[in-house]
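Novice: Pasting data10.cif below, which is mmCIF, C-alpha atoms and all ligand atoms.
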```cif
data_protein
loop_
_atom_site.label_atom_id
_atom_site.label_comp_id
_atom_site.auth_asym_id
_atom_site.auth_seq_id
_atom_site.Cartn_x
_atom_site.Cartn_y
_atom_site.Cartn_z
CA MET A 1 -7.85 -0.49 16.76
CA LYS A 2 -4.20 -1.55 16.38
CA LEU A 3 -2.16 -1.28 13.20
CA TYR A 4 1.12 -3.20 12.95
CA GLY A 5 3.45 -1.82 10.33
CA PHE A 6 6.93 -1.09 9.06
CA GLY A 7 8.09 2.27 7.72
CA GLN A 8 6.82 3.21 4.28
CA SER A 9 6.11 -0.37 3.24
CA ARG A 10 2.59 -1.44 2.24
CA SER A 11 1.49 -0.79 5.85
CA PHE A 12 1.84 2.93 5.15
CA ARG A 13 -1.35 2.67 3.07
CA PRO A 14 -3.67 1.82 6.00
CA LEU A 15 -1.75 4.18 8.28
CA TRP A 16 -2.40 7.07 5.90
CA ALA A 17 -6.01 5.88 5.47
CA LEU A 18 -6.53 5.99 9.27
CA GLU A 19 -5.25 9.57 9.29
CA GLU A 20 -7.49 10.55 6.35
CA CYS A 21 -10.52 9.16 8.22
CA GLY A 22 -9.57 10.68 11.57
CA LEU A 23 -9.99 7.35 13.40
CA ASP A 24 -8.33 6.50 16.72
CA TYR A 25 -5.61 3.87 16.47
CA GLU A 26 -2.45 2.59 18.06
CA TYR A 27 0.52 2.04 15.74
CA ILE A 28 2.96 -0.75 16.53
CA ALA A 29 6.24 -0.75 14.61
CA ILE A 30 7.25 -4.28 13.57
CA ALA A 31 10.83 -5.33 12.88
CA LEU A 32 11.08 -7.23 9.57
CA ARG A 33 13.76 -9.76 8.62
CA THR A 34 15.11 -10.06 12.16
CA ASP A 35 15.45 -12.97 14.58
CA ALA A 36 12.35 -13.87 16.58
CA GLU A 37 14.02 -12.69 19.81
CA VAL A 38 14.33 -9.08 18.59
CA ALA A 39 11.69 -6.80 20.13
CA ASN A 40 8.53 -6.62 17.97
CA SER A 41 9.99 -9.07 15.45
CA ALA A 42 7.61 -10.23 12.71
CA LYS A 43 8.88 -13.73 13.51
CA ASN A 44 7.74 -13.54 17.13
CA PRO A 45 5.11 -16.29 17.78
CA ASP A 46 2.64 -13.72 19.14
CA TYR A 47 2.85 -11.76 15.90
CA LEU A 48 2.76 -14.91 13.74
CA ALA A 49 -0.49 -15.86 15.51
CA LEU A 50 -1.98 -12.70 13.98
CA ASN A 51 -0.20 -12.76 10.63
CA VAL A 52 0.90 -16.26 9.68
CA GLN A 53 3.29 -15.00 6.97
CA GLY A 54 5.06 -12.64 9.38
CA LYS A 55 4.32 -9.70 7.09
CA VAL A 56 2.90 -6.22 7.52
CA PRO A 57 0.37 -4.74 7.69
CA THR A 58 -1.93 -6.33 10.26
CA LEU A 59 -5.01 -4.55 11.56
CA VAL A 60 -6.72 -5.72 14.76
CA ASP A 61 -10.12 -4.26 15.59
CA GLY A 62 -11.78 -6.22 18.40
CA ASP A 63 -12.05 -9.81 17.16
CA LEU A 64 -11.34 -8.79 13.58
CA VAL A 65 -7.83 -9.45 12.25
CA LEU A 66 -7.01 -8.34 8.70
CA THR A 67 -3.68 -8.94 6.95
CA GLU A 68 -4.23 -7.65 3.40
CA CYS A 69 -3.54 -3.97 2.95
CA PHE A 70 -6.23 -3.34 0.31
CA ALA A 71 -8.88 -5.04 2.47
CA ILE A 72 -7.69 -2.95 5.43
CA VAL A 73 -7.86 0.30 3.48
CA ASN A 74 -11.41 -0.51 2.33
CA TYR A 75 -12.43 -1.49 5.87
CA ILE A 76 -11.10 1.81 7.24
CA ALA A 77 -12.86 3.81 4.52
CA ARG A 78 -16.17 2.06 5.30
CA LEU A 79 -15.79 2.89 9.00
CA ALA A 80 -15.88 6.54 7.96
CA PRO A 81 -18.58 6.61 5.26
CA ASP A 82 -18.91 10.40 5.42
CA SER A 83 -15.28 10.79 4.38
CA GLY A 84 -16.26 9.95 0.78
CA LEU A 85 -12.99 8.03 0.42
CA ILE A 86 -14.80 4.98 -0.98
CA PRO A 87 -17.87 5.17 -3.26
CA LYS A 88 -21.18 3.77 -2.12
CA ILE A 89 -21.97 0.22 -3.27
CA SER A 90 -24.31 0.02 -6.32
CA THR A 91 -22.95 3.12 -7.94
CA ILE A 92 -20.96 3.22 -11.16
CA GLY A 93 -18.24 4.95 -9.19
CA TYR A 94 -17.93 1.79 -7.10
CA ALA A 95 -17.15 -0.29 -10.20
CA ASP A 96 -14.56 2.27 -11.34
CA TYR A 97 -13.07 2.20 -7.83
CA ASP A 98 -12.83 -1.61 -7.86
CA GLU A 99 -11.27 -1.67 -11.30
CA LEU A 100 -8.56 0.80 -10.36
CA ILE A 101 -7.65 -0.71 -6.99
CA PHE A 102 -7.48 -4.22 -8.48
CA PHE A 103 -5.34 -2.83 -11.30
CA ILE A 104 -2.95 -1.27 -8.78
CA LEU A 105 -2.74 -4.55 -6.86
CA ALA A 106 -2.54 -6.95 -9.80
CA GLU A 107 -0.60 -4.94 -12.40
CA LEU A 108 1.07 -1.78 -11.12
CA GLU A 109 2.64 -2.97 -7.87
CA GLN A 110 3.56 -6.48 -9.01
CA PRO A 111 6.76 -5.47 -10.88
CA LEU A 112 7.79 -3.42 -7.84
CA TRP A 113 7.34 -6.42 -5.60
CA SER A 114 9.15 -8.65 -8.13
CA LYS A 115 12.15 -6.36 -7.81
CA GLY A 116 11.88 -6.36 -4.00
CA LYS A 117 11.54 -10.13 -3.79
CA HIS A 118 14.46 -10.82 -6.10
CA ALA A 119 16.66 -8.08 -4.59
CA PHE A 120 16.20 -8.79 -0.87
CA ALA A 121 12.98 -10.48 0.28
CA LEU A 122 13.37 -14.04 -1.05
CA PRO A 123 15.98 -16.45 0.33
CA GLU A 124 19.13 -15.91 -1.76
CA GLU A 125 18.91 -19.28 -3.48
CA HIS A 126 15.48 -18.34 -4.90
CA ARG A 127 16.49 -14.93 -6.30
CA ILE A 128 16.77 -14.47 -10.06
CA PRO A 129 18.92 -11.42 -10.94
CA GLN A 130 17.48 -11.21 -14.49
CA MET A 131 14.09 -10.45 -12.90
CA MET A 132 15.13 -6.78 -12.58
CA ASP A 133 14.88 -6.18 -16.36
CA THR A 134 11.57 -8.02 -16.53
CA ALA A 135 10.20 -5.93 -13.66
CA LYS A 136 11.20 -2.71 -15.41
CA PHE A 137 9.56 -3.88 -18.65
CA GLU A 138 6.34 -4.92 -16.87
CA PHE A 139 6.15 -1.68 -14.89
CA ALA A 140 6.40 0.40 -18.09
CA LYS A 141 3.58 -1.70 -19.60
CA ALA A 142 1.41 -1.21 -16.51
CA VAL A 143 2.03 2.55 -16.51
CA ASN A 144 0.99 2.69 -20.15
CA ALA A 145 -2.23 0.81 -19.31
CA LEU A 146 -2.87 3.15 -16.39
CA ASP A 147 -2.68 6.11 -18.80
CA HIS A 148 -5.71 4.60 -20.54
CA LEU A 149 -7.63 3.89 -17.33
CA LEU A 150 -7.17 7.35 -15.81
CA GLY A 151 -8.46 10.57 -17.25
CA ASP A 152 -6.65 13.89 -17.04
CA GLU A 153 -8.52 15.04 -13.95
CA GLU A 154 -6.85 15.86 -10.65
CA PHE A 155 -8.36 12.81 -8.94
CA ALA A 156 -8.81 9.23 -10.17
CA ILE A 157 -12.58 9.01 -9.63
CA GLY A 158 -15.46 11.31 -8.76
CA ASN A 159 -13.58 14.65 -8.76
CA LYS A 160 -12.39 14.16 -5.19
CA PHE A 161 -9.65 12.41 -3.28
CA SER A 162 -10.39 8.73 -2.67
CA MET A 163 -8.48 5.65 -1.55
CA VAL A 164 -7.57 5.09 -5.22
CA ASP A 165 -5.49 8.29 -5.13
CA LEU A 166 -3.90 7.24 -1.85
CA LEU A 167 -2.97 3.82 -3.28
CA LEU A 168 -1.64 5.34 -6.52
CA ALA A 169 0.46 7.89 -4.62
CA HIS A 170 1.93 5.22 -2.34
CA THR A 171 2.64 2.88 -5.26
CA PHE A 172 4.45 5.59 -7.23
CA ASN A 173 6.36 6.54 -4.09
CA TRP A 174 7.44 2.90 -3.88
CA ALA A 175 8.43 2.95 -7.57
CA ILE A 176 10.53 6.10 -7.08
CA ARG A 177 12.27 4.62 -4.02
CA PHE A 178 13.00 1.41 -5.97
CA GLU A 179 14.45 3.48 -8.86
CA PHE A 180 11.88 2.60 -11.54
CA ASP A 181 11.28 5.03 -14.43
CA VAL A 182 8.30 7.07 -13.23
CA PRO A 183 6.83 9.53 -15.76
CA GLU A 184 6.74 13.13 -14.55
CA LYS A 185 2.95 13.25 -14.29
CA TYR A 186 2.94 10.33 -11.84
CA ALA A 187 5.84 11.78 -9.84
CA GLU A 188 3.74 14.95 -9.59
CA LEU A 189 0.70 12.92 -8.54
CA ARG A 190 2.80 11.40 -5.75
CA ASN A 191 4.11 14.80 -4.65
CA ARG A 192 0.66 16.41 -4.70
CA HIS A 193 -1.02 13.76 -2.56
CA TYR A 194 1.92 13.38 -0.14
CA LYS A 195 1.41 17.05 0.75
CA ARG A 196 -2.00 16.25 2.26
CA PRO A 197 -2.08 16.86 6.02
CA ALA A 198 -3.07 13.22 6.67
CA ALA A 199 -0.06 11.95 4.68
CA ILE A 200 2.27 14.27 6.58
CA ARG A 201 0.84 13.05 9.91
CA ALA A 202 1.26 9.41 8.81
CA LEU A 203 4.87 10.07 7.73
CA ALA A 204 5.56 11.57 11.17
CA VAL A 205 4.38 8.29 12.76
CA VAL A 206 6.95 6.20 10.85
CA GLU A 207 9.86 8.63 10.85
N1 LIG B 1 -0.49 -9.28 0.27
C1 LIG B 1 0.02 -8.49 1.38
C2 LIG B 1 1.54 -8.47 1.24
C3 LIG B 1 2.18 -7.86 2.45
C4 LIG B 1 3.69 -7.82 2.29
O1 LIG B 1 4.29 -8.55 1.48
N2 LIG B 1 4.31 -6.96 3.09
C5 LIG B 1 5.76 -6.82 3.06
C6 LIG B 1 6.14 -5.38 3.31
S1 LIG B 1 5.58 -4.34 1.99
C7 LIG B 1 6.35 -7.65 4.16
O2 LIG B 1 5.85 -7.65 5.27
N3 LIG B 1 7.45 -8.35 3.88
C8 LIG B 1 8.12 -9.08 4.89
C9 LIG B 1 9.10 -10.01 4.31
O3 LIG B 1 9.11 -10.15 3.08
O4 LIG B 1 9.81 -10.63 5.09
C10 LIG B 1 -0.58 -7.09 1.33
O5 LIG B 1 -0.80 -6.59 0.21
O6 LIG B 1 -0.85 -6.48 2.38
#
```
Translate the structure described by the file into structure tokens.
Specialist:
Amino acid sequence: MKLYGFGQSRSFRPLWALEECGLDYEYIAIALRTDAEVANSAKNPDYLALNVQGKVPTLVDGDLVLTECFAIVNYIARLAPDSGLIPKISTIGYADYDELIFFILAELEQPLWSKGKHAFALPEEHRIPQMMDTAKFEFAKAVNALDHLLGDEEFAIGNKFSMVDLLLAHTFNWAIRFEFDVPEKYAELRNRHYKRPAAIRALAVVE
């Protein structure tokens, strides 16, 4: 299995997931926002044939090519069912899992990506500087909603570490790096989960 990624971007999620599951993989570092001629550029035609948007992550497993990080994380978790990182289908825990990961994708990370897009990712003529205030406002709203979705337990669901915790920790890490206001309890959540041996191994791959 090959994972194409870039630093601590969204591709860090499947990289960490691979380490949590103890699966064999090859990691290929992709160069973002470079000319196509640069080695391992995301704009290289060979890479674009795998990921038409020239983004990361991309996972290749035999004939399977996946380019959405949440789908990749779920795929990895299902390859290692004994890891308990994803609940079994038809359980209530599975519905809670779905709700939280869709919330992270649709609500919590969107303001972070708005800031990223309007700070550096979009072509300059499409950037709206006022978006920064809106992103901050929307992130605070999402964090408030998350307070109501999560209990006070150590882990998000089922009293054990799952991919929800991994995705939350990565998303708050992203928020901290992008200088959003992150409440102490979520900064602590990030710190706690980033101390896991699998996270440390994944960080060593990208550093
Ligand atoms: N929907 C995709 C989005 C992937 C994505 O936007 N990745 C960013 C890095 S976090 C990227 O490759 N950006 C390249 C660019 O904007 O040029 C996912 O969630 O995996």
Novice: Starting from 8 Å padding per side, set up an axis-aligned box that covers all listed atoms of ligand LIG 1 (chain B) and hand over centre and edge lengths in Å, one decimal, as AutoDock Vina command-line options.
Specialist:
```
--center_x 4.5 --center_y -7.5 --center_z 2.7 --size_x 26.7 --size_y 22.3 --size_z 21.1
```
Novice: Hey, what's within 7 Å of stretch 142-156 of chain A if we count all atoms listed in the file and toss same-chain stuff fewer than 4 positions away? As a PDB file with C-alpha atoms, in the frame of the given file, please?
Specialist:
```pdb
ATOM      1  CA  GLU A 107      -0.600  -4.940 -12.400  1.00  0.00           C
ATOM      2  CA  LEU A 108       1.070  -1.780 -11.120  1.00  0.00           C
ATOM      3  CA  GLU A 138       6.340  -4.920 -16.870  1.00  0.00           C
ATOM      4  CA  LYS A 160     -12.390  14.160  -5.190  1.00  0.00           C
ATOM      5  CA  PHE A 161      -9.650  12.410  -3.280  1.00  0.00           C
ATOM      6  CA  VAL A 164      -7.570   5.090  -5.220  1.00  0.00           C
ATOM      7  CA  ASP A 165      -5.490   8.290  -5.130  1.00  0.00           C
TER       8      ASP A 165
END
```
Novice: Each residue of chain A lying at most 7 Å from ligand LIG 1 (chain B) should get a row with its shortest atom-to-atom pair and the distance in Å to one decimal, counting only C-alpha atoms and all ligand atoms; could you produce that, ordered by chain and increasing number, as JSON lines?
Specialist:
```
{"residue": "A:Ser9", "atom": "CA", "partner": "B:LIG1", "partner_atom": "S1", "distance": 4.2}
{"residue": "A:Arg10", "atom": "CA", "partner": "B:LIG1", "partner_atom": "S1", "distance": 4.2}
{"residue": "A:Ser11", "atom": "CA", "partner": "B:LIG1", "partner_atom": "S1", "distance": 6.7}
{"residue": "A:Leu32", "atom": "CA", "partner": "B:LIG1", "partner_atom": "O4", "distance": 5.8}
{"residue": "A:Arg33", "atom": "CA", "partner": "B:LIG1", "partner_atom": "O4", "distance": 5.4}
{"residue": "A:Gly54", "atom": "CA", "partner": "B:LIG1", "partner_atom": "C8", "distance": 6.5}
{"residue": "A:Lys55", "atom": "CA", "partner": "B:LIG1", "partner_atom": "O2", "distance": 3.1}
{"residue": "A:Val56", "atom": "CA", "partner": "B:LIG1", "partner_atom": "O2", "distance": 4.0}
{"residue": "A:Pro57", "atom": "CA", "partner": "B:LIG1", "partner_atom": "O6", "distance": 5.7}
{"residue": "A:Thr67", "atom": "CA", "partner": "B:LIG1", "partner_atom": "O6", "distance": 5.9}
{"residue": "A:Glu68", "atom": "CA", "partner": "B:LIG1", "partner_atom": "O6", "distance": 3.7}
{"residue": "A:Cys69", "atom": "CA", "partner": "B:LIG1", "partner_atom": "O6", "distance": 3.7}
{"residue": "A:Phe70", "atom": "CA", "partner": "B:LIG1", "partner_atom": "O5", "distance": 6.3}
{"residue": "A:Ala121", "atom": "CA", "partner": "B:LIG1", "partner_atom": "O3", "distance": 4.8}
```
Novice: Keeping only C-alpha atoms, write the selected residues as a short mmCIF file (atom, residue, chain, number, x, y, z; two decimals), in the frame of the given file.
Specialist:
```
data_model
loop_
_atom_site.label_atom_id
_atom_site.label_comp_id
_atom_site.auth_asym_id
_atom_site.auth_seq_id
_atom_site.Cartn_x
_atom_site.Cartn_y
_atom_site.Cartn_z
CA SER A 9 6.11 -0.37 3.24
CA ARG A 10 2.59 -1.44 2.24
CA SER A 11 1.49 -0.79 5.85
CA LEU A 32 11.08 -7.23 9.57
CA ARG A 33 13.76 -9.76 8.62
CA GLY A 54 5.06 -12.64 9.38
CA LYS A 55 4.32 -9.70 7.09
CA VAL A 56 2.90 -6.22 7.52
CA PRO A 57 0.37 -4.74 7.69
CA THR A 67 -3.68 -8.94 6.95
CA GLU A 68 -4.23 -7.65 3.40
CA CYS A 69 -3.54 -3.97 2.95
CA PHE A 70 -6.23 -3.34 0.31
CA ALA A 121 12.98 -10.48 0.28
#
```
Novice: As an exercise, work out the distance from atom CA of A:Phe180 to atom CA of A:Gln8 in Å and give it to one decimal place.
Specialist: 16.6 Å
Novice: Pick from A:Tyr47, A:Tyr75, A:Phe102, A:Phe178: nearest to A:Phe120, with only C-alpha atoms counted?
Specialist: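 Among the listed residues, A:Phe178 lies closest to A:Phe120.
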Novice: How many Å separate atom CA of A:Asp24 from atom CA of A:Ile104?
Specialist: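 Rounded to one decimal, the two atoms are 27.2 Å apart.
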Novice: Determine, for each residue of stretch 35-150 of chain A having at least one atom at most 12 Å from an atom of stretch 18-21 of chain A, the closest pair of atoms and their separation in Å to one decimal, counting only C-alpha atoms; order by chain and ascending number, as a Markdown table.
Specialist:
```
| residue | atom | partner | partner_atom | distance |
| --- | --- | --- | --- | --- |
| A:Leu59 | CA | A:Leu18 | CA | 10.9 |
| A:Ile72 | CA | A:Leu18 | CA | 9.8 |
| A:Val73 | CA | A:Leu18 | CA | 8.2 |
| A:Asn74 | CA | A:Leu18 | CA | 10.7 |
| A:Tyr75 | CA | A:Leu18 | CA | 10.1 |
| A:Ile76 | CA | A:Leu18 | CA | 6.5 |
| A:Ala77 | CA | A:Cys21 | CA | 6.9 |
| A:Arg78 | CA | A:Cys21 | CA | 9.5 |
| A:Leu79 | CA | A:Cys21 | CA | 8.2 |
| A:Ala80 | CA | A:Cys21 | CA | 6.0 |
| A:Pro81 | CA | A:Cys21 | CA | 9.0 |
| A:Asp82 | CA | A:Cys21 | CA | 8.9 |
| A:Ser83 | CA | A:Cys21 | CA | 6.3 |
| A:Gly84 | CA | A:Cys21 | CA | 9.4 |
| A:Leu85 | CA | A:Cys21 | CA | 8.3 |
| A:Ile86 | CA | A:Cys21 | CA | 11.0 |
```
Novice: Provide the atom CA of A:Thr58 to atom CA of A:Glu179 distance in Å, to one decimal place.
Specialist: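 These atoms are spaced 27.0 Å apart.
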Novice: Tell me which of A:Ile101, A:His126, A:Tyr4, A:Ala169 sits closest to A:Arg196, counting only C-alpha atoms.
Specialist: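 Smallest separation from A:Arg196 among the options: A:Ala169.
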Novice: May I ask which of the residues A:Gly5, A:Ala175, A:Tyr94, A:Leu168 is the closest one to A:Ser114, counting only C-alpha atoms?
Specialist: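 Nearest candidate to A:Ser114 out of A:Gly5, A:Ala175, A:Tyr94, A:Leu168: A:Ala175.
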Novice: Here is a test: counting only C-alpha atoms, which residue of A:Gly7, A:Ile30, A:Lys88, A:Lys2 is nearest to A:Leu64?
Specialist: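 Among the listed residues, the smallest separation from A:Leu64 belongs to A:Lys2.
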Novice: Nearest to A:Arg201: which of A:Leu48, A:Ala17, A:Ala31, A:Leu66 is it, counting all atoms listed in the file?
Specialist: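 Closest candidate: A:Ala17.
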Novice: Could you give me stretch 183-198 of chain A completed to N, CA and C atoms, formatted as an mmCIF file, in the frame of the given file?
Specialist:
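Okay, out.cif is ready:
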```cif
data_model
loop_
_atom_site.group_PDB
_atom_site.id
_atom_site.type_symbol
_atom_site.label_atom_id
_atom_site.label_comp_id
_atom_site.auth_asym_id
_atom_site.auth_seq_id
_atom_site.Cartn_x
_atom_site.Cartn_y
_atom_site.Cartn_z
ATOM 1 N N PRO A 183 7.094 8.328 -14.970
ATOM 2 C CA PRO A 183 6.830 9.530 -15.760
ATOM 3 C C PRO A 183 6.513 10.727 -14.842
ATOM 4 N N GLU A 184 6.877 11.914 -15.339
ATOM 5 C CA GLU A 184 6.740 13.130 -14.550
ATOM 6 C C GLU A 184 5.328 13.304 -13.969
ATOM 7 N N LYS A 185 4.319 12.987 -14.784
ATOM 8 C CA LYS A 185 2.950 13.250 -14.290
ATOM 9 C C LYS A 185 2.618 12.384 -13.072
ATOM 10 N N TYR A 186 3.211 11.177 -13.002
ATOM 11 C CA TYR A 186 2.940 10.330 -11.840
ATOM 12 C C TYR A 186 3.838 10.704 -10.645
ATOM 13 N N ALA A 187 5.019 11.246 -10.937
ATOM 14 C CA ALA A 187 5.840 11.780 -9.840
ATOM 15 C C ALA A 187 5.126 12.981 -9.226
ATOM 16 N N GLU A 188 4.497 13.780 -10.092
ATOM 17 C CA GLU A 188 3.740 14.950 -9.590
ATOM 18 C C GLU A 188 2.520 14.515 -8.788
ATOM 19 N N LEU A 189 1.858 13.459 -9.281
ATOM 20 C CA LEU A 189 0.700 12.920 -8.540
ATOM 21 C C LEU A 189 1.141 12.526 -7.132
ATOM 22 N N ARG A 190 2.251 11.814 -7.055
ATOM 23 C CA ARG A 190 2.800 11.400 -5.750
ATOM 24 C C ARG A 190 3.066 12.618 -4.867
ATOM 25 N N ASN A 191 3.736 13.621 -5.442
ATOM 26 C CA ASN A 191 4.110 14.800 -4.650
ATOM 27 C C ASN A 191 2.874 15.557 -4.150
ATOM 28 N N ARG A 192 1.883 15.676 -5.043
ATOM 29 C CA ARG A 192 0.660 16.410 -4.700
ATOM 30 C C ARG A 192 -0.057 15.744 -3.520
ATOM 31 N N HIS A 193 -0.244 14.444 -3.605
ATOM 32 C CA HIS A 193 -1.020 13.760 -2.560
ATOM 33 C C HIS A 193 -0.209 13.604 -1.258
ATOM 34 N N TYR A 194 1.113 13.497 -1.364
ATOM 35 C CA TYR A 194 1.920 13.380 -0.140
ATOM 36 C C TYR A 194 2.001 14.697 0.624
ATOM 37 N N LYS A 195 1.459 15.774 0.014
ATOM 38 C CA LYS A 195 1.410 17.050 0.750
ATOM 39 C C LYS A 195 0.145 17.161 1.591
ATOM 40 N N ARG A 196 -0.761 16.193 1.464
ATOM 41 C CA ARG A 196 -2.000 16.250 2.260
ATOM 42 C C ARG A 196 -1.654 16.149 3.744
ATOM 43 N N PRO A 197 -2.375 16.896 4.581
ATOM 44 C CA PRO A 197 -2.080 16.860 6.020
ATOM 45 C C PRO A 197 -2.082 15.446 6.594
ATOM 46 N N ALA A 198 -3.007 14.597 6.122
ATOM 47 C CA ALA A 198 -3.070 13.220 6.670
ATOM 48 C C ALA A 198 -1.812 12.434 6.295
#
```
